[in-house]
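Taking it in order: structure first as structure tokens, then the write-up.
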Amino acid sequence: MNDKLVCEICPHHCRLSAGEVGRCRARFNDGKKITALNYGEITSIALDPIEKKPLYKFFPGSRILSVGSYGCNLNCPFCQNFEISMADSTFPTRKISPERLANLAQELLPQKNIGVAFTYNEPFISYEFVRDTSELLKAAGLKSVLVTNGTVSPAALKKILPLIDALNIDLKGFSQEIYSWLGGDFETVRRTIELTAKSCHVEVTTLIVPTLNDSLEDMDKEAAWLAKISKNIPLHISRFFPRYKVTNLPPTPVKKIYELVEVAKRHLNFVYAGNC
């Protein structure tokens, strides 16, 4: 008997037997359906400035309750949060329900909190928890924010978008070659940006890794493409620092970041240098 089920959340479409966990280390076949093994399992929680997400044009000056779990559906060897993004269910967590998280967000209103940001690891692999919490936040008049790599299927994205107020989407580079190295799909991320920009506040981040995605030509193509969606999409061009499996490269030169910023400004109205 074939008991395999297909996970429909991201384009990997993992086929999982009962009890088997997908490549993201967070979604599994519970014997009846594919669901989130990391539902409500929190590894990180903090009240952050909204600009740290980074979101510069979404309620600037406010704060947002930021939570993360474990796992990711990409495998970036330069991941800046690899301790949790590459972890599995053996990683220490704190269990929290959607109700408790929404209540905590409300309790923090006097500290300029506007809602909850699902961040630190990939939030879409915690799809059910994000959905359930966001429903409660919306009912309470609070904001739901996703900081995501954008590797999500269009069907799953469209279902949850009415609950989401803002996203920062990582655009790792501007070619399938780069995404193949990271275990992802370039067109999926581009589609995510196009779809979300129609209904939410969207900002984009590109982490510049020396020799990988630091060409002026590629940045020109990226910014020109974003401008076709909207010239007002904020783009954050951020410095890489040696982490995880990529420790042989130096930090991205500050000069290079500012060169790329100037290129992107030919097309976009809001371009920022990150970590400089």
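Convention: chains lettered A, B, ... in structure tokens order; per-chain residue numbering from 1; ligands numbered from 1 as shown.
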
Neighbouring residues of segment 106-121 of chain A were defined as those with any atom within 8 Å, considering only C-alpha atoms; residues of the same chain fewer than 5 positions away were excluded. Please report them as a short mmCIF file (atom, residue, chain, number, x, y, z; two decimals) with N, CA and C atoms, in the first residue's frame.
```
data_model
loop_
_atom_site.label_atom_id
_atom_site.label_comp_id
_atom_site.auth_asym_id
_atom_site.auth_seq_id
_atom_site.Cartn_x
_atom_site.Cartn_y
_atom_site.Cartn_z
N SER A 44 13.27 31.29 19.01
CA SER A 44 13.71 32.67 19.24
C SER A 44 12.50 33.58 19.34
N LEU A 47 11.34 41.42 20.95
CA LEU A 47 10.64 42.62 20.50
C LEU A 47 11.65 43.48 19.76
N LYS A 53 13.82 44.10 10.38
CA LYS A 53 13.32 42.95 9.62
C LYS A 53 14.02 42.68 8.28
N SER A 62 8.18 51.90 14.78
CA SER A 62 7.44 50.98 15.64
C SER A 62 8.30 49.76 15.97
N ARG A 63 7.75 48.88 16.80
CA ARG A 63 8.39 47.61 17.12
C ARG A 63 7.45 46.47 16.75
N ILE A 64 8.03 45.28 16.66
CA ILE A 64 7.21 44.12 16.33
C ILE A 64 7.75 42.89 17.06
N LEU A 65 6.83 42.12 17.62
CA LEU A 65 7.19 40.90 18.32
C LEU A 65 7.63 39.86 17.29
N SER A 66 8.89 39.44 17.36
CA SER A 66 9.48 38.59 16.33
C SER A 66 9.69 37.18 16.88
N VAL A 67 9.22 36.18 16.13
CA VAL A 67 9.35 34.79 16.57
C VAL A 67 9.91 33.93 15.44
N GLY A 68 10.67 32.92 15.83
CA GLY A 68 11.20 31.97 14.87
C GLY A 68 11.11 30.57 15.42
N SER A 69 11.14 29.61 14.53
CA SER A 69 11.14 28.20 14.92
C SER A 69 12.43 27.57 14.41
N TYR A 70 12.35 26.42 13.76
CA TYR A 70 13.53 25.78 13.18
C TYR A 70 13.19 25.28 11.78
N GLY A 71 14.24 25.07 10.99
CA GLY A 71 14.06 24.51 9.67
C GLY A 71 14.01 25.55 8.56
N CYS A 72 14.25 25.08 7.32
CA CYS A 72 14.22 25.93 6.14
C CYS A 72 14.12 25.04 4.91
N ASN A 81 21.58 32.66 9.95
CA ASN A 81 20.86 32.10 11.11
C ASN A 81 20.89 30.57 11.09
N ILE A 84 19.47 27.79 13.75
CA ILE A 84 18.08 27.33 13.82
C ILE A 84 17.52 26.94 12.45
N SER A 85 17.96 27.61 11.39
CA SER A 85 17.40 27.29 10.07
C SER A 85 17.80 25.89 9.62
N VAL A 130 1.45 29.96 11.37
CA VAL A 130 1.38 31.35 10.87
C VAL A 130 -0.06 31.71 10.54
N LEU A 137 -4.49 37.70 15.10
CA LEU A 137 -3.93 39.04 15.05
C LEU A 137 -4.82 39.98 14.26
N LEU A 142 -4.13 43.77 14.82
CA LEU A 142 -2.66 43.77 14.82
C LEU A 142 -2.13 43.28 13.48
N LYS A 143 -0.83 43.51 13.26
CA LYS A 143 -0.21 43.22 11.97
C LYS A 143 0.52 41.87 11.98
N SER A 144 0.48 41.21 10.82
CA SER A 144 1.25 39.99 10.60
C SER A 144 2.30 40.25 9.53
N VAL A 145 3.54 39.94 9.86
CA VAL A 145 4.66 40.19 8.96
C VAL A 145 5.43 38.89 8.73
N LEU A 146 5.84 38.66 7.49
CA LEU A 146 6.67 37.49 7.16
C LEU A 146 8.01 37.97 6.64
N VAL A 147 9.08 37.38 7.16
CA VAL A 147 10.42 37.56 6.61
C VAL A 147 10.78 36.21 6.01
N THR A 148 10.81 36.13 4.69
CA THR A 148 10.77 34.85 3.99
C THR A 148 11.73 34.79 2.82
#
```

(request) From a DSSP pass on the backbone, collect the residues of segment 3-244 of chain A flagged as helix (DSSP H, G or I) and hand them back as a VMD selection string. (result) chain A and resid 50 to 52 82 to 85 98 to 107 109 to 111 123 to 139 154 to 163 176 to 182 186 to 196 216 to 229

(message) When you look at Arg266 of chain A with a cut-off of 12 Å (counting only C-alpha atoms), what residues show up, excluding the ones that are within fewer than 2 positions of it in the same chain? I need them as a list in words.
(response) Leu216, Met219, Asp220, Lys221, Glu222, Ala223, Ala224, Trp225, Leu226, Ala227, Lys231, Glu259, Leu260, Val261, Glu262, Val263, Ala264, Leu268, Asn269, Phe270 and Val271 of chain A

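If only C-alpha atoms are the atoms counted, then among A:Leu37, A:Ile160, A:Leu207, A:Leu16 the closest residue to Arg131 of chain A is A:Ile160.
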
(message) Could you tell me how far atom CA of Pro123 of chain A sits from atom CA of Gly31 of chain A, in Å to one decimal place?
(response) 23.2 Å
